[in-house]
>>> print(open('upload27.cif').read())   # mmCIF, C-alpha atoms
data_work
loop_
_atom_site.label_atom_id
_atom_site.label_comp_id
_atom_site.auth_asym_id
_atom_site.auth_seq_id
_atom_site.Cartn_x
_atom_site.Cartn_y
_atom_site.Cartn_z
CA GLY H 1 -54.35 -28.90 112.52
CA GLN H 2 -53.96 -25.43 113.92
CA GLN H 3 -53.67 -25.42 117.69
CA LEU H 4 -56.05 -23.69 120.08
CA ASN H 5 -54.97 -23.75 123.70
CA GLN H 6 -57.42 -22.94 126.48
CA SER H 7 -56.44 -22.48 130.08
CA PRO H 8 -56.89 -23.26 132.81
CA GLN H 9 -58.43 -26.70 132.36
CA SER H 10 -60.34 -26.38 135.62
CA MET H 11 -60.94 -23.85 138.36
CA PHE H 12 -62.32 -24.19 141.86
CA ILE H 13 -63.35 -20.87 143.37
CA GLN H 14 -65.45 -19.41 146.15
CA GLU H 15 -68.68 -17.62 145.43
CA GLY H 16 -68.02 -13.93 144.91
CA GLU H 17 -64.55 -14.35 143.43
CA ASP H 18 -63.60 -13.15 139.97
CA VAL H 19 -62.53 -15.64 137.31
CA SER H 20 -60.35 -15.32 134.24
CA MET H 21 -59.70 -17.82 131.47
CA ASN H 22 -58.03 -17.46 128.11
CA CYS H 23 -57.38 -19.01 124.75
CA THR H 24 -54.44 -18.70 122.42
CA SER H 25 -54.18 -19.73 118.82
CA SER H 26 -51.16 -20.43 116.64
CA SER H 27 -52.84 -18.57 113.76
CA ILE H 28 -54.80 -15.40 113.16
CA PHE H 29 -58.57 -15.60 112.95
CA ASN H 30 -61.39 -13.12 112.51
CA THR H 31 -63.84 -14.42 115.09
CA TRP H 32 -63.64 -15.47 118.72
CA LEU H 33 -66.66 -16.89 120.50
CA TRP H 34 -67.20 -17.90 124.10
CA TYR H 35 -69.74 -20.61 124.94
CA LYS H 36 -70.93 -22.14 128.21
CA GLN H 37 -72.11 -25.72 128.53
CA ASP H 38 -74.25 -26.85 131.45
CA PRO H 39 -74.48 -30.57 132.28
CA GLY H 40 -76.77 -32.43 129.89
CA GLU H 41 -77.16 -29.46 127.57
CA GLY H 42 -75.56 -28.03 124.49
CA PRO H 43 -73.16 -25.08 124.43
CA VAL H 44 -74.83 -21.69 124.71
CA LEU H 45 -73.24 -18.59 123.22
CA LEU H 46 -72.10 -16.03 125.81
CA ILE H 47 -70.12 -13.48 123.85
CA ALA H 48 -69.03 -13.09 120.22
CA LEU H 49 -66.01 -10.99 119.20
CA TYR H 50 -65.32 -9.89 115.64
CA LYS H 51 -62.61 -7.24 115.76
CA ALA H 52 -59.08 -7.16 117.14
CA GLY H 53 -59.05 -5.27 120.43
CA GLU H 54 -62.83 -5.54 120.83
CA LEU H 55 -63.96 -5.64 124.45
CA THR H 56 -67.53 -6.82 125.04
CA SER H 57 -69.56 -7.33 128.19
CA ASN H 58 -72.61 -9.45 128.89
CA GLY H 59 -73.70 -8.84 132.47
CA ARG H 60 -70.92 -10.03 134.75
CA LEU H 61 -69.02 -11.47 131.80
CA THR H 62 -66.40 -9.57 129.83
CA ALA H 63 -64.41 -10.88 126.91
CA GLN H 64 -61.73 -9.36 124.72
CA PHE H 65 -60.37 -10.17 121.28
CA GLY H 66 -56.60 -9.81 121.54
CA ILE H 67 -54.95 -7.18 119.36
CA THR H 68 -52.67 -9.82 117.83
CA ARG H 69 -55.85 -11.70 116.77
CA LYS H 70 -54.33 -14.84 118.22
CA ASP H 71 -55.89 -14.78 121.68
CA SER H 72 -58.96 -13.98 123.73
CA PHE H 73 -59.87 -13.91 127.40
CA LEU H 74 -63.11 -14.23 129.32
CA ASN H 75 -63.59 -12.71 132.76
CA ILE H 76 -66.45 -13.47 135.14
CA SER H 77 -66.87 -11.07 138.02
CA ALA H 78 -68.49 -11.82 141.38
CA SER H 79 -69.10 -15.48 140.58
CA ILE H 80 -72.31 -17.20 141.71
CA PRO H 81 -73.15 -20.91 141.98
CA SER H 82 -75.01 -20.96 138.67
CA ASP H 83 -71.78 -19.99 136.88
CA VAL H 84 -70.75 -23.63 137.29
CA GLY H 85 -70.20 -25.33 133.96
CA ILE H 86 -67.71 -25.77 131.15
CA TYR H 87 -66.62 -22.66 129.28
CA PHE H 88 -65.38 -23.06 125.72
CA CYS H 89 -63.62 -20.63 123.48
CA ALA H 90 -64.01 -21.11 119.75
CA ARG H 91 -62.43 -19.40 116.80
CA GLY H 92 -63.11 -19.30 113.09
CA GLU H 93 -62.92 -17.27 109.92
CA THR H 94 -66.51 -16.22 110.54
CA SER H 95 -68.87 -17.17 113.33
CA GLY H 96 -70.95 -19.20 110.90
CA SER H 97 -68.05 -21.12 109.41
CA ARG H 98 -65.97 -24.00 110.64
CA LEU H 99 -65.29 -23.38 114.33
CA THR H 100 -62.41 -24.85 116.27
CA PHE H 101 -63.11 -25.22 119.96
CA GLY H 102 -60.74 -25.03 122.88
CA GLU H 103 -60.60 -27.90 125.33
CA GLY H 104 -62.83 -26.14 127.81
CA THR H 105 -62.45 -24.74 131.32
CA GLN H 106 -64.45 -26.57 133.97
CA LEU H 107 -65.58 -24.02 136.55
CA THR H 108 -66.70 -25.03 140.04
CA VAL H 109 -68.07 -22.39 142.39
CA ASN H 110 -68.30 -23.22 146.07
CA PRO H 111 -71.09 -21.38 147.90
CA ASP R 1 -89.92 -23.11 121.79
CA THR R 2 -86.90 -25.25 120.97
CA ALA R 3 -84.61 -23.69 118.39
CA VAL R 4 -82.38 -26.67 117.56
CA SER R 5 -83.89 -30.01 118.54
CA GLN R 6 -82.27 -33.42 118.35
CA THR R 7 -83.79 -36.85 118.76
CA PRO R 8 -83.25 -39.08 120.52
CA LYS R 9 -81.62 -37.53 123.58
CA TYR R 10 -80.22 -40.90 124.64
CA LEU R 11 -79.31 -43.84 122.44
CA VAL R 12 -77.98 -47.10 123.82
CA THR R 13 -77.26 -49.84 121.31
CA GLN R 14 -75.09 -52.82 120.52
CA MET R 15 -71.87 -52.76 118.58
CA GLY R 16 -72.45 -53.46 114.89
CA ASN R 17 -75.92 -51.91 114.75
CA ASP R 18 -76.97 -49.07 112.46
CA LYS R 19 -78.62 -46.01 114.00
CA SER R 20 -79.81 -42.55 113.04
CA ILE R 21 -79.95 -39.24 114.90
CA LYS R 22 -82.27 -36.49 113.72
CA CYS R 23 -81.91 -32.74 113.97
CA GLU R 24 -84.33 -29.96 113.16
CA GLN R 25 -83.97 -26.20 113.53
CA ASN R 26 -86.78 -23.64 113.47
CA LEU R 27 -84.52 -20.60 113.30
CA GLY R 28 -84.69 -20.23 109.53
CA HIS R 29 -80.94 -20.85 109.30
CA ASP R 30 -79.37 -22.09 106.09
CA THR R 31 -76.36 -23.90 107.56
CA MET R 32 -76.34 -26.90 109.88
CA TYR R 33 -73.55 -28.84 111.57
CA TRP R 34 -72.77 -32.04 113.40
CA TYR R 35 -70.19 -32.03 116.19
CA LYS R 36 -68.86 -34.89 118.29
CA GLN R 37 -67.99 -34.37 121.97
CA ASP R 38 -65.80 -37.07 123.45
CA SER R 39 -65.47 -38.21 127.05
CA LYS R 40 -62.95 -35.43 127.72
CA LYS R 41 -65.56 -32.88 126.54
CA PHE R 42 -63.56 -32.00 123.44
CA LEU R 43 -65.87 -30.68 120.69
CA LYS R 44 -64.91 -31.43 117.11
CA ILE R 45 -66.79 -30.63 113.94
CA MET R 46 -67.78 -33.55 111.73
CA PHE R 47 -69.97 -32.15 108.94
CA SER R 48 -71.61 -28.97 107.75
CA TYR R 49 -74.37 -28.43 105.21
CA ASN R 50 -75.37 -25.16 103.61
CA ASN R 51 -78.74 -25.19 101.83
CA LYS R 52 -78.65 -29.00 101.69
CA GLU R 53 -75.14 -29.00 100.19
CA LEU R 54 -72.22 -30.60 102.04
CA ILE R 55 -69.57 -27.93 102.67
CA ILE R 56 -67.49 -29.37 105.50
CA ASN R 57 -66.52 -33.02 105.76
CA GLU R 58 -63.83 -33.55 108.34
CA THR R 59 -61.88 -36.77 108.61
CA VAL R 60 -64.77 -38.93 109.71
CA PRO R 61 -65.15 -42.66 108.96
CA ASN R 62 -67.46 -43.26 106.02
CA ARG R 63 -69.70 -45.24 108.35
CA PHE R 64 -71.06 -41.79 109.21
CA SER R 65 -73.37 -40.40 106.57
CA PRO R 66 -75.17 -37.09 107.00
CA LYS R 67 -78.36 -36.36 105.07
CA SER R 68 -80.12 -33.04 104.68
CA PRO R 69 -83.61 -33.42 103.19
CA ASP R 70 -84.15 -29.66 103.48
CA LYS R 71 -82.31 -26.78 105.06
CA ALA R 72 -84.19 -27.15 108.36
CA HIS R 73 -83.12 -30.77 108.87
CA LEU R 74 -79.79 -32.53 109.11
CA ASN R 75 -79.78 -36.19 110.07
CA LEU R 76 -76.82 -38.38 110.89
CA HIS R 77 -76.81 -42.07 110.06
CA ILE R 78 -74.13 -44.33 111.51
CA ASN R 79 -73.49 -47.82 110.17
CA SER R 80 -71.76 -50.68 111.97
CA LEU R 81 -71.42 -48.87 115.27
CA GLU R 82 -68.15 -49.29 117.14
CA LEU R 83 -67.24 -48.81 120.79
CA GLY R 84 -65.29 -45.67 119.92
CA ASP R 85 -68.44 -44.06 118.55
CA SER R 86 -69.71 -43.60 122.11
CA ALA R 87 -69.93 -39.83 122.59
CA VAL R 88 -72.34 -36.94 122.68
CA TYR R 89 -73.31 -35.73 119.22
CA PHE R 90 -74.40 -32.11 118.88
CA CYS R 91 -76.28 -30.54 116.05
CA ALA R 92 -75.91 -26.80 115.46
CA SER R 93 -77.20 -24.25 112.98
CA SER R 94 -76.35 -20.75 111.82
CA GLN R 95 -77.14 -18.26 109.12
CA ASN R 96 -74.35 -18.19 106.54
CA ARG R 97 -73.48 -14.55 107.03
CA ASN R 98 -70.70 -13.04 109.06
CA ARG R 99 -71.47 -12.26 112.69
CA GLN R 100 -74.15 -14.96 112.85
CA PRO R 101 -73.12 -17.42 115.55
CA GLN R 102 -73.90 -21.10 115.74
CA HIS R 103 -76.74 -22.30 117.98
CA PHE R 104 -76.49 -25.78 119.44
CA GLY R 105 -79.01 -28.49 120.28
CA ASP R 106 -78.91 -30.32 123.60
CA GLY R 107 -77.05 -33.33 122.24
CA THR R 108 -77.64 -37.03 121.69
CA ARG R 109 -75.80 -39.29 124.11
CA LEU R 110 -74.78 -42.40 122.22
CA SER R 111 -73.58 -45.40 124.21
CA ILE R 112 -72.32 -48.51 122.49
CA LEU R 113 -72.45 -51.75 124.48
#
>>> encode(input="upload27.cif", output="structure tokens")
Amino acid sequence: GQQLNQSPQSMFIQEGEDVSMNCTSSSIFNTWLWYKQDPGEGPVLLIALYKAGELTSNGRLTAQFGITRKDSFLNISASIPSDVGIYFCARGETSGSRLTFGEGTQLTVNP
Amino acid sequence: DTAVSQTPKYLVTQMGNDKSIKCEQNLGHDTMYWYKQDSKKFLKIMFSYNNKELIINETVPNRFSPKSPDKAHLNLHINSLELGDSAVYFCASSQNRNRQPQHFGDGTRLSIL
């Protein structure tokens, strides 16, 4: 299948630090999504991106759809303890179609 | 006000048994999905139904049989459970239009003894 690489696999940071994670794909797609999964729960959508170059913010979160349409990054500024969780990127032809998920970035925030 | 609800939340059973997981969404969506999340947290799509019609069927053993009685429900029946079936199974739903993201349930944790 087509590869989707997410990095880093895990991050350990101090409260207040900024965080960046990214995903790269071997193919071009029209949709990038970022989800967060808390322990014992399902993934929750954070940001959806639909256009190459699109930069979207959701509070302290900012994500961009790479201009090559093969990558995306997610930044979290001024991290807080409740940011702990697993962050997944996902890409697809449309957001409602078959999604391929990255392997996730496990974020730990030390108070 | 649960949007996508799955039952049961936990399922512990013996190898060889047959079990079902149910999913219901009250979002008015027309497309529903089943995903499997393994022990390394990797999420992989298994099936998708649009208006009760199967549209995605990934390489999944035929012991897994999805059933959609109506567009608000998508159940997953698993025959002859094997140890490797232990995982968290997530149901999701979306509206089949562009820019309509998928919403996930809280998962069913299946453990095979």
>>> residues_around(input="upload27.cif", residues="region 25-31 of chain R", least_positions_apart="4", cutoff="7 Å", atoms="only C-alpha atoms", output="ChimeraX atom specification")
/R:3-5,48-51,71-73,93-96
>>> closest_atom_pairs(input="upload27.cif", of="chain H", to="chain R", cutoff="12 Å", atoms="all atoms listed in the file", output="tab-separated table")
residue	atom	partner	partner_atom	distance
H:Gly1	CA	R:Glu58	CA	11.4
H:Leu4	CA	R:Phe42	CA	11.7
H:Asn5	CA	R:Phe42	CA	11.9
H:Gln6	CA	R:Phe42	CA	11.4
H:Gln9	CA	R:Lys40	CA	10.9
H:Asn30	CA	R:Asn98	CA	9.9
H:Thr31	CA	R:Arg99	CA	8.3
H:Trp32	CA	R:Pro101	CA	10.2
H:Leu33	CA	R:Pro101	CA	8.2
H:Trp34	CA	R:Pro101	CA	10.4
H:Tyr35	CA	R:His103	CA	10.0
H:Lys36	CA	R:Phe104	CA	11.0
H:Gln37	CA	R:Asp106	CA	9.6
H:Asp38	CA	R:Asp106	CA	9.8
H:Pro39	CA	R:Asp106	CA	9.7
H:Gly40	CA	R:Asp106	CA	7.0
H:Glu41	CA	R:Asp106	CA	4.4
H:Gly42	CA	R:Asp106	CA	4.2
H:Pro43	CA	R:Phe104	CA	6.0
H:Val44	CA	R:Phe104	CA	6.9
H:Leu45	CA	R:His103	CA	7.3
H:Leu46	CA	R:Pro101	CA	10.4
H:Ile47	CA	R:Pro101	CA	9.7
H:Ala48	CA	R:Pro101	CA	7.6
H:Leu49	CA	R:Arg99	CA	8.6
H:Tyr50	CA	R:Arg99	CA	7.2
H:Lys51	CA	R:Arg99	CA	10.6
H:Gly85	CA	R:Lys41	CA	11.6
H:Ile86	CA	R:Lys41	CA	8.7
H:Tyr87	CA	R:Lys41	CA	10.6
H:Phe88	CA	R:Leu43	CA	9.1
H:Cys89	CA	R:Leu43	CA	10.7
H:Ala90	CA	R:Leu43	CA	9.8
H:Arg91	CA	R:Pro101	CA	10.9
H:Gly92	CA	R:Pro101	CA	10.5
H:Glu93	CA	R:Asn98	CA	8.9
H:Thr94	CA	R:Asn98	CA	5.5
H:Ser95	CA	R:Pro101	CA	4.8
H:Gly96	CA	R:Pro101	CA	5.4
H:Ser97	CA	R:Asn96	CA	7.5
H:Arg98	CA	R:Ile45	CA	7.5
H:Leu99	CA	R:Ile45	CA	7.4
H:Thr100	CA	R:Lys44	CA	7.1
H:Phe101	CA	R:Leu43	CA	6.2
H:Gly102	CA	R:Phe42	CA	7.5
H:Glu103	CA	R:Phe42	CA	5.4
H:Gly104	CA	R:Phe42	CA	7.3
H:Thr105	CA	R:Lys41	CA	9.9
H:Gln106	CA	R:Lys41	CA	9.8
>>> residues_around(input="upload27.cif", residues="Leu110 (chain R)", least_positions_apart="3", cutoff="12 Å", atoms="only C-alpha atoms", output="list of chain:residue names")
R:Thr7, R:Pro8, R:Lys9, R:Tyr10, R:Leu11, R:Val12, R:Thr13, R:Gln14, R:Met15, R:Lys19, R:Ser20, R:Ile21, R:Lys36, R:Gln37, R:Asp38, R:Ser39, R:Ile78, R:Leu81, R:Glu82, R:Leu83, R:Gly84, R:Asp85, R:Ser86, R:Ala87, R:Val88, R:Tyr89, R:Phe90, R:Gly107, R:Leu113
>>> resolve_selection(input="upload27.cif", expression="the PyMOL selection byres ((chain H and resi 82) around 12)", output="ChimeraX atom specification")
/H:15-16,36-39,76,78-81,83-86,107-111
>>> resolve_selection(input="upload27.cif", expression="the PyMOL selection byres ((chain H and resi 67) around 7)", output="list in words")
Ala52, Gly53, Phe65, Gly66, Thr68 and Arg69 of chain H
>>> atom_distance(input="upload27.cif", atom1="CA of Ser25 (chain H)", atom2="CA of Asn58 (chain H)")
23.4 Å
>>> atom_distance(input="upload27.cif", atom1="CA of Ser7 (chain H)", atom2="CA of Asn57 (chain R)")
28.4 Å
>>> resolve_selection(input="upload27.cif", expression="the PyMOL selection byres ((chain R and resi 75) around 9)", output="list of chain:residue names")
R:Ser20, R:Ile21, R:Lys22, R:Cys23, R:Glu24, R:Trp34, R:Ser65, R:Pro66, R:Lys67, R:Ser68, R:Pro69, R:His73, R:Leu74, R:Leu76, R:His77, R:Cys91
>>> atom_distance(input="upload27.cif", atom1="CA of Cys23 (chain H)", atom2="CA of Asp71 (chain H)")
5.4 Å
>>> build_atoms(input="upload27.cif", residues="region 69-80 of chain H", atoms="all heavy atoms", output="compact mmCIF listing (two decimals), in the coordinates of the input")
# COMPACT_ATOMS: atom_id res chain seq x y z
N ARG H 69 -54.83 -10.83 117.37
CA ARG H 69 -55.85 -11.70 116.77
C ARG H 69 -55.54 -13.18 116.98
O ARG H 69 -56.11 -14.04 116.31
CB ARG H 69 -55.99 -11.40 115.27
CG ARG H 69 -56.62 -10.04 115.02
CD ARG H 69 -56.45 -9.59 113.59
NE ARG H 69 -57.12 -10.48 112.66
CZ ARG H 69 -56.92 -10.46 111.34
NH1 ARG H 69 -56.05 -9.63 110.82
NH2 ARG H 69 -57.58 -11.29 110.57
N LYS H 70 -54.66 -13.44 117.95
CA LYS H 70 -54.33 -14.84 118.22
C LYS H 70 -54.80 -15.27 119.61
O LYS H 70 -54.53 -16.39 120.02
CB LYS H 70 -52.82 -15.04 118.13
CG LYS H 70 -52.26 -14.95 116.73
CD LYS H 70 -50.78 -15.30 116.75
CE LYS H 70 -50.21 -15.28 115.36
NZ LYS H 70 -48.77 -15.65 115.38
N ASP H 71 -55.48 -14.38 120.34
CA ASP H 71 -55.89 -14.78 121.68
C ASP H 71 -57.15 -14.05 122.11
O ASP H 71 -57.56 -13.04 121.53
CB ASP H 71 -54.76 -14.55 122.68
CG ASP H 71 -54.37 -13.09 122.78
OD1 ASP H 71 -54.67 -12.31 121.85
OD2 ASP H 71 -53.75 -12.72 123.81
N SER H 72 -57.75 -14.58 123.17
CA SER H 72 -58.96 -13.98 123.73
C SER H 72 -59.06 -14.39 125.19
O SER H 72 -58.58 -15.47 125.57
CB SER H 72 -60.20 -14.45 122.98
OG SER H 72 -61.38 -13.92 123.56
N PHE H 73 -59.63 -13.52 126.01
CA PHE H 73 -59.87 -13.91 127.40
C PHE H 73 -61.33 -13.68 127.75
O PHE H 73 -62.02 -12.87 127.12
CB PHE H 73 -58.93 -13.18 128.37
CG PHE H 73 -59.23 -11.71 128.55
CD1 PHE H 73 -60.33 -11.28 129.29
CD2 PHE H 73 -58.42 -10.74 127.98
CE1 PHE H 73 -60.60 -9.93 129.46
CE2 PHE H 73 -58.68 -9.40 128.14
CZ PHE H 73 -59.78 -8.99 128.88
N LEU H 74 -61.76 -14.40 128.77
CA LEU H 74 -63.11 -14.23 129.32
C LEU H 74 -62.97 -14.03 130.83
O LEU H 74 -62.29 -14.81 131.49
CB LEU H 74 -63.98 -15.46 129.05
CG LEU H 74 -65.37 -15.46 129.71
CD1 LEU H 74 -66.28 -14.45 129.04
CD2 LEU H 74 -66.00 -16.85 129.65
N ASN H 75 -63.56 -12.96 131.33
CA ASN H 75 -63.59 -12.71 132.76
C ASN H 75 -65.02 -12.83 133.27
O ASN H 75 -65.96 -12.37 132.61
CB ASN H 75 -63.08 -11.31 133.09
CG ASN H 75 -61.59 -11.19 132.92
OD1 ASN H 75 -60.88 -12.18 132.87
ND2 ASN H 75 -61.11 -9.96 132.82
N ILE H 76 -65.15 -13.43 134.46
CA ILE H 76 -66.45 -13.47 135.14
C ILE H 76 -66.25 -12.78 136.48
O ILE H 76 -65.38 -13.17 137.26
CB ILE H 76 -66.94 -14.91 135.37
CG1 ILE H 76 -66.97 -15.69 134.06
CG2 ILE H 76 -68.32 -14.92 136.03
CD1 ILE H 76 -67.27 -17.18 134.23
N SER H 77 -67.03 -11.78 136.75
CA SER H 77 -66.87 -11.07 138.02
C SER H 77 -67.93 -11.54 139.01
O SER H 77 -69.04 -11.93 138.63
CB SER H 77 -66.99 -9.56 137.81
OG SER H 77 -68.27 -9.23 137.31
N ALA H 78 -67.56 -11.49 140.29
CA ALA H 78 -68.49 -11.82 141.38
C ALA H 78 -69.25 -13.12 141.11
O ALA H 78 -70.48 -13.13 140.99
CB ALA H 78 -69.46 -10.67 141.61
N SER H 79 -68.51 -14.21 140.98
CA SER H 79 -69.10 -15.48 140.58
C SER H 79 -70.22 -15.92 141.53
O SER H 79 -70.20 -15.62 142.74
CB SER H 79 -68.02 -16.55 140.51
OG SER H 79 -67.40 -16.68 141.76
N ILE H 80 -71.18 -16.63 140.95
CA ILE H 80 -72.31 -17.20 141.71
C ILE H 80 -72.40 -18.68 141.38
O ILE H 80 -71.83 -19.14 140.39
CB ILE H 80 -73.62 -16.47 141.37
CG1 ILE H 80 -73.93 -16.56 139.87
CG2 ILE H 80 -73.56 -15.01 141.80
CD1 ILE H 80 -75.25 -15.90 139.46
